[in-house]
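**Q** Below you will find the structure I want to go over with you.
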Amino acid sequence: MITAENVSCSYGAKPVLQGVSLHVSPGEVMGLLGPNGSGKTTLLRTLYGSLIPDGGRVRLDGEEIHRIPARRLAQRLAVVAQEAPSDLMLSVADVVLLGRTPHLGTFERQSGRDRRIAARALQRVGALHLADREFNGLSGGERQRVVIARALAQEAGCILLDEPTNHLDISYQHEVLHLVRQLGTTAVVVLHDLNLAARYCDSILLLEAGRQHAYGTPEEVLTRAVVEPVYRVKAEPVVAEDAITQLLFRRTEDPR
Amino acid sequence: MAQEDAVAGTDGRPGSDRLTAAPAGTARSTAVPGDTPELGRRMGRRSLVWTIGLSCILCVTVAVCVGIGPVTIPPGTVLGILGHGLGLPVDPSWTAAEQSIVWDMRAPRVLLGLAVGAGLAVCGAALQGMVRNILADPYILGISGGASTGAAAAILFGVAAGAGQYALPLSAFLGALIASSLVFLLARANGQVTSVRLLLAGIAVGYALSATTSFLIFASDDAEGSRSVMFWLLGSLALARWDAFLALVVAVVLVTVAFLVLWARRLDALSVGDETSRALGVAPMATRIQLLVVVSLCTGAVVAAAGAIGFVGLVVPHLGRRIAGAAHARLIPVVALLGAILLIWADAGARVLMPPRELPIGIITALVGAPFLLILIRRMYARLS
C-alpha cells in the first residue's frame, strides 16, 4: 500500500508538484497521467524516496518512506526507471541478477537460490532465452521486459514504472502493461497513452502543471469533460468491442 | 525475428506461455522449484576458468621476466633464486652476481610491476563502472596527474615531510584525492555528474596538473630535472627495491582489489544508472565517494612508486570485459591479473628494447595500448550495430 498526502516539490523556485495526494491499495494498478512537464516523473520519484518532497508525506504500508533504510526499502519496493543506455556490456543475466542486490549483504555471494529466483523472473516475462545476450543489444521491447524481470527478482510487494511503454510499438505496449497487470503486485505506472491507462489501470491520477486535476477510476477520469481542457484536444469517447471506453483525439481548432 | 517470436508467440513458440505460468497475485516467490535453471552460472564458470588460467600465466610471466634484462638468466636459475629468497630449501648453484641481479634488482621490480599493473587496471575498471563511461581511467580523469604532482612536491619541496618515509605516498594520495575531488566538483551541475562533463573536467585538470608537475621539477633546480620529468610523466619501475614502500604499495593494491570485489554489486548498480541503483538500495553519490577514495588511495600509491603510467587503466578493463563480462565480481579479479601480466611484460620490454638505455614504461604501454584500444572499440561498435 502506497499513500501520499499533500506532496509538494520544487526545483529551485519553480514549483513542480503542489499538494498531490494518492492512495494505492494492495494489488491495485494505478496510472499516473498528464501532459509533458506536469510532474509525473517527479511524483513517481517521491514515491520511491529518490526525491524528498518539500511538503507532505509519502508512506509505504503506513511507514514514512524516507525513514526506511535504502536497502530495506528496496526489498519492498521495486522501480523501473528510465535510464540512458550505458556503454558497459552487462549481460541480460547480470541485469536481472542485480535485482537480488537488496537481499544480499556486502560479504554475501549470490547463492543458487538467487540465481534461480532471477531465472524464474526472466521466465515470467518470457525472456529466459535472452539470458546470455548483451543487454544493450536488445530491442526496446526486450529490454523493457528484462528490466521488469529485474524488478520481479527483487521480490518486492510494490513496483513503480516510469513510462514503461516509451518507444515501444503497439504490440509491445500492450504486452508490457498486460504483464504488469498479471503480476498482481501493487503498481504505479507513469503513462502517456490515455487509452492504455483505460484498459490496464484500476485507478488514474491525472496531473496538470503539478496539481491533481482528476483522480478516480478510468471511467471517472477519462471523460471528455476532464481530458479536453488538460490536453487541449477534442476527445471523442468510443466503446470498444470489449466494452472498454477509448478516446479518439483531434485538434481543438479543427472544424468538424 | 526473435523479438517478435517472443512477444507475439501464441502457438508454442518461446515465451508463449509466460503469463499463464506466473501465479497471479504473488510477488514473493519464496519457493523456487529445484529444476529452475540458475541464471549466470555459465558465465561464472567461464570466468573462474579464466581466473585460474591467468593466475598460471602470471606465475610463468614472473619466472620468465625476472630473467629478462641486459643480463639474461634462465628461468630455472630464476626459480631457484626466488625459491631460495622465499626460504625454500634450494641449494645455491648460481653466481653471486646472478643472485644479486635476480633477488636484489629484478624481483622487487617485477613485484612492483605486478602491483602497479593490477592496481591501475582495477582502478580503471572501477572508474569506468562508476561513471558509466568506457573512456574513464585514472590517467584521463586527472587522478594520476594529481598523484604525480603530490609526489613531485614531496620529493622536491619536502611536502608532508612530517610523515617520514611515508611522506611520498601520503602526498601522492592527497594529490590524487584533491585532483579527483576537483574533477567531480567541476563536473557537477544541478547535483548531477554526467560522463561527458566528467571526462572534460578530468582532461582539463589532468593537463593543468601535468604542467604543474613539470614546473615543480624545473623550479626545483634538480640537476636531473628532465629525467625526473620523464619518470613522473611516463613512469618507470627502476626505483623498486625491497623496502617498506614496496610492501605498502602491494598492501594498498591488495586492499583495493578486495574492496572492489566486495563492492562489485554496487558497481554493477551504478553502471546501470543512478535512479536504478537508488531503487536497488545503493546510494549513488555516497557509493561513488567511497569508490573514489579507494581509487585515489590506490592510484596515489601506484604513482608514487612508478610514476603516471597511462593506458593500462583504460585498455585492460575492456579486454577483461570481453573475457569475463561486465559484472564486476567476475571482472575485477580477471582485470587485476591481466593488468599485472601486461605491465610486467611491458617493463621487461623497457629493459631490453633500447640497450643500454631503459625506455620509460609509459611509452611502451601507450604504443601497445593505443592500437589495441582502437581495435576493441571498433569491434564493440560493430557488434552493437
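Chain lettering (A, B, ...) mirrors the order of the C-alpha cells, residue numbering begins at 1 for each chain separately, and ligand numbering begins at 1 in order of display.
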List the neighbours of range 145-153 of chain B out to 10 Å using only C-alpha atoms; skip same-chain residues closer than 3 positions along the sequence, and give me the result as a ChimeraX atom specification.
**A** /B:138-142,156-160,167-180,182,202-203,205-217,220,228-229,231-233,235,296-308
**Q** Using only C-alpha atoms, which protein or nucleic acid residues come within 9 Å of range 326-340 of chain B? Drop anything in the same chain fewer than 5 positions from it, and give the result as a compact mmCIF listing (two decimals) with N, CA and C atoms, in the first residue's frame.
**A**
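Generated output (result-v9.txt):
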# COMPACT_ATOMS: atom_id res chain seq x y z
N LEU A 88 28.57 0.12 -20.92
CA LEU A 88 29.13 -1.13 -20.42
C LEU A 88 28.28 -2.30 -20.87
N MET A 89 28.94 -3.45 -21.01
CA MET A 89 28.29 -4.56 -21.67
C MET A 89 27.75 -5.59 -20.68
N LEU A 90 26.83 -5.17 -19.84
CA LEU A 90 26.22 -6.13 -18.92
C LEU A 90 25.36 -7.10 -19.73
N SER A 91 25.37 -8.36 -19.32
CA SER A 91 24.51 -9.34 -19.99
C SER A 91 23.11 -9.25 -19.36
N ASP A 94 23.13 -10.65 -15.95
CA ASP A 94 23.69 -9.73 -14.96
C ASP A 94 22.65 -8.70 -14.52
N VAL A 95 21.92 -8.16 -15.50
CA VAL A 95 20.94 -7.11 -15.20
C VAL A 95 19.85 -7.67 -14.28
N MET B 43 28.49 -18.17 -17.22
CA MET B 43 29.46 -17.08 -17.25
C MET B 43 30.35 -17.15 -16.01
N GLY B 44 29.78 -17.53 -14.88
CA GLY B 44 30.55 -17.65 -13.65
C GLY B 44 31.65 -18.70 -13.80
N SER B 47 34.43 -17.49 -16.23
CA SER B 47 35.39 -16.52 -15.71
C SER B 47 36.26 -17.16 -14.63
N LEU B 48 35.74 -18.19 -13.95
CA LEU B 48 36.57 -18.89 -12.96
C LEU B 48 37.73 -19.59 -13.67
N TRP B 50 39.03 -18.77 -16.50
CA TRP B 50 39.96 -17.73 -16.94
C TRP B 50 40.82 -17.22 -15.79
N THR B 51 40.20 -17.04 -14.62
CA THR B 51 40.95 -16.53 -13.48
C THR B 51 42.08 -17.50 -13.12
N LEU B 54 44.73 -17.40 -15.97
CA LEU B 54 45.55 -16.18 -15.94
C LEU B 54 46.50 -16.20 -14.75
N SER B 55 46.09 -16.81 -13.63
CA SER B 55 46.99 -16.92 -12.47
C SER B 55 48.22 -17.73 -12.86
N ILE B 57 49.40 -18.09 -15.93
CA ILE B 57 50.19 -17.27 -16.86
C ILE B 57 51.00 -16.23 -16.09
N LEU B 58 50.41 -15.68 -15.04
CA LEU B 58 51.12 -14.68 -14.23
C LEU B 58 52.37 -15.30 -13.60
N GLY B 113 55.90 -4.19 -10.53
CA GLY B 113 55.15 -4.18 -11.79
C GLY B 113 53.82 -4.89 -11.64
N LEU B 114 53.86 -6.01 -10.93
CA LEU B 114 52.63 -6.78 -10.69
C LEU B 114 51.60 -5.91 -9.96
N ALA B 115 52.07 -5.26 -8.87
CA ALA B 115 51.15 -4.45 -8.07
C ALA B 115 50.65 -3.25 -8.86
N VAL B 116 51.56 -2.57 -9.56
CA VAL B 116 51.18 -1.36 -10.31
C VAL B 116 50.18 -1.71 -11.41
N GLY B 117 50.49 -2.78 -12.15
CA GLY B 117 49.61 -3.18 -13.25
C GLY B 117 48.23 -3.56 -12.74
N ALA B 118 48.19 -4.38 -11.70
CA ALA B 118 46.90 -4.79 -11.14
C ALA B 118 46.15 -3.58 -10.60
N GLY B 119 46.88 -2.71 -9.88
CA GLY B 119 46.24 -1.54 -9.27
C GLY B 119 45.64 -0.61 -10.30
N LEU B 120 46.44 -0.26 -11.32
CA LEU B 120 45.94 0.67 -12.35
C LEU B 120 44.74 0.07 -13.08
N ALA B 121 44.84 -1.24 -13.38
CA ALA B 121 43.78 -1.88 -14.16
C ALA B 121 42.47 -1.92 -13.37
N VAL B 122 42.52 -2.30 -12.10
CA VAL B 122 41.25 -2.36 -11.34
C VAL B 122 40.70 -0.96 -11.08
N ALA B 125 38.86 -0.08 -14.19
CA ALA B 125 37.59 -0.79 -14.28
C ALA B 125 36.56 -0.16 -13.35
N ALA B 126 36.99 0.18 -12.13
CA ALA B 126 36.05 0.76 -11.16
C ALA B 126 35.57 2.13 -11.63
N GLY B 129 33.10 1.80 -14.48
CA GLY B 129 31.80 1.38 -13.98
C GLY B 129 31.06 2.51 -13.28
N VAL B 257 41.84 -4.28 -4.43
CA VAL B 257 41.20 -5.37 -5.17
C VAL B 257 40.11 -6.02 -4.31
N LEU B 260 37.09 -3.70 -4.04
CA LEU B 260 36.29 -3.61 -5.26
C LEU B 260 35.50 -4.90 -5.50
N VAL B 261 36.05 -6.05 -5.11
CA VAL B 261 35.30 -7.29 -5.24
C VAL B 261 34.08 -7.25 -4.32
N LEU B 262 34.28 -6.75 -3.09
CA LEU B 262 33.15 -6.65 -2.16
C LEU B 262 32.12 -5.63 -2.63
N TRP B 263 32.58 -4.59 -3.26
CA TRP B 263 31.68 -3.53 -3.73
C TRP B 263 31.15 -3.81 -5.16
N ALA B 264 31.39 -5.01 -5.66
CA ALA B 264 31.11 -5.31 -7.07
C ALA B 264 29.65 -5.08 -7.43
N ARG B 265 28.73 -5.52 -6.58
CA ARG B 265 27.31 -5.36 -6.92
C ARG B 265 26.92 -3.89 -6.97
N ARG B 266 27.52 -3.09 -6.05
CA ARG B 266 27.23 -1.66 -6.08
C ARG B 266 27.74 -1.04 -7.37
N LEU B 267 28.92 -1.50 -7.81
CA LEU B 267 29.45 -1.00 -9.08
C LEU B 267 28.54 -1.39 -10.24
N ASP B 268 28.02 -2.62 -10.20
CA ASP B 268 27.09 -3.05 -11.25
C ASP B 268 25.88 -2.12 -11.27
N VAL B 312 47.10 1.55 -19.18
CA VAL B 312 46.79 0.27 -18.54
C VAL B 312 45.37 0.30 -17.99
N GLY B 313 45.05 1.39 -17.26
CA GLY B 313 43.73 1.51 -16.66
C GLY B 313 42.63 1.66 -17.69
N VAL B 316 42.99 -2.33 -20.27
CA VAL B 316 42.84 -3.65 -19.65
C VAL B 316 41.38 -3.97 -19.27
N PRO B 317 40.62 -3.00 -18.71
CA PRO B 317 39.23 -3.34 -18.39
C PRO B 317 38.42 -3.77 -19.61
N HIS B 318 38.71 -3.20 -20.78
CA HIS B 318 37.96 -3.60 -21.98
C HIS B 318 38.26 -5.05 -22.34
N LEU B 319 39.54 -5.37 -22.26
CA LEU B 319 39.95 -6.74 -22.54
C LEU B 319 39.28 -7.68 -21.52
N GLY B 320 39.29 -7.26 -20.28
CA GLY B 320 38.68 -8.07 -19.21
C GLY B 320 37.20 -8.30 -19.46
N ARG B 321 36.48 -7.27 -19.92
CA ARG B 321 35.05 -7.42 -20.17
C ARG B 321 34.77 -8.41 -21.28
N TRP B 345 55.36 -7.56 -18.51
CA TRP B 345 55.96 -7.71 -19.85
C TRP B 345 56.40 -6.36 -20.41
**Q** Could you list, as an MDAnalysis selection string, every residue within 10 Å of range 81-86 of chain B, counting only C-alpha atoms and ignoring same-chain residues fewer than 4 positions away?
**A** chainID B and resid 63 66 75:77 90:94 98:100 102:104 107
**Q** Quick one: everything within 12 Å of range 10-13 of chain A, counting only C-alpha atoms, minus sequence neighbours fewer than 6 positions away in the same chain. Send it as a list in words.
**A** Gly19, Gly39, Thr42, Leu43, Thr46, Leu51, Ile52, Pro53, Asp54, Gly55, Ala209 and Gly210 of chain A; Asn190 and Gly191 of chain B
**Q** Using the selection just defined, write its residues with C-alpha atoms as a tab-separated table (two decimals), in the first residue's frame.
**A**
chain	number	residue	atom	x	y	z
A	19	GLY	CA	-0.49	19.29	-2.84
A	39	GLY	CA	5.18	16.41	-12.77
A	42	THR	CA	8.72	13.91	-10.15
A	43	LEU	CA	5.75	12.44	-8.30
A	46	THR	CA	8.92	10.99	-4.42
A	51	LEU	CA	13.30	12.84	-4.16
A	52	ILE	CA	12.30	14.14	-0.73
A	53	PRO	CA	9.23	16.36	-1.07
A	54	ASP	CA	9.34	19.91	0.32
A	55	GLY	CA	5.97	19.36	1.89
A	209	ALA	CA	1.02	21.66	-14.08
A	210	GLY	CA	1.94	19.88	-10.85
B	190	ASN	CA	22.40	20.54	-10.55
B	191	GLY	CA	23.57	17.71	-8.34
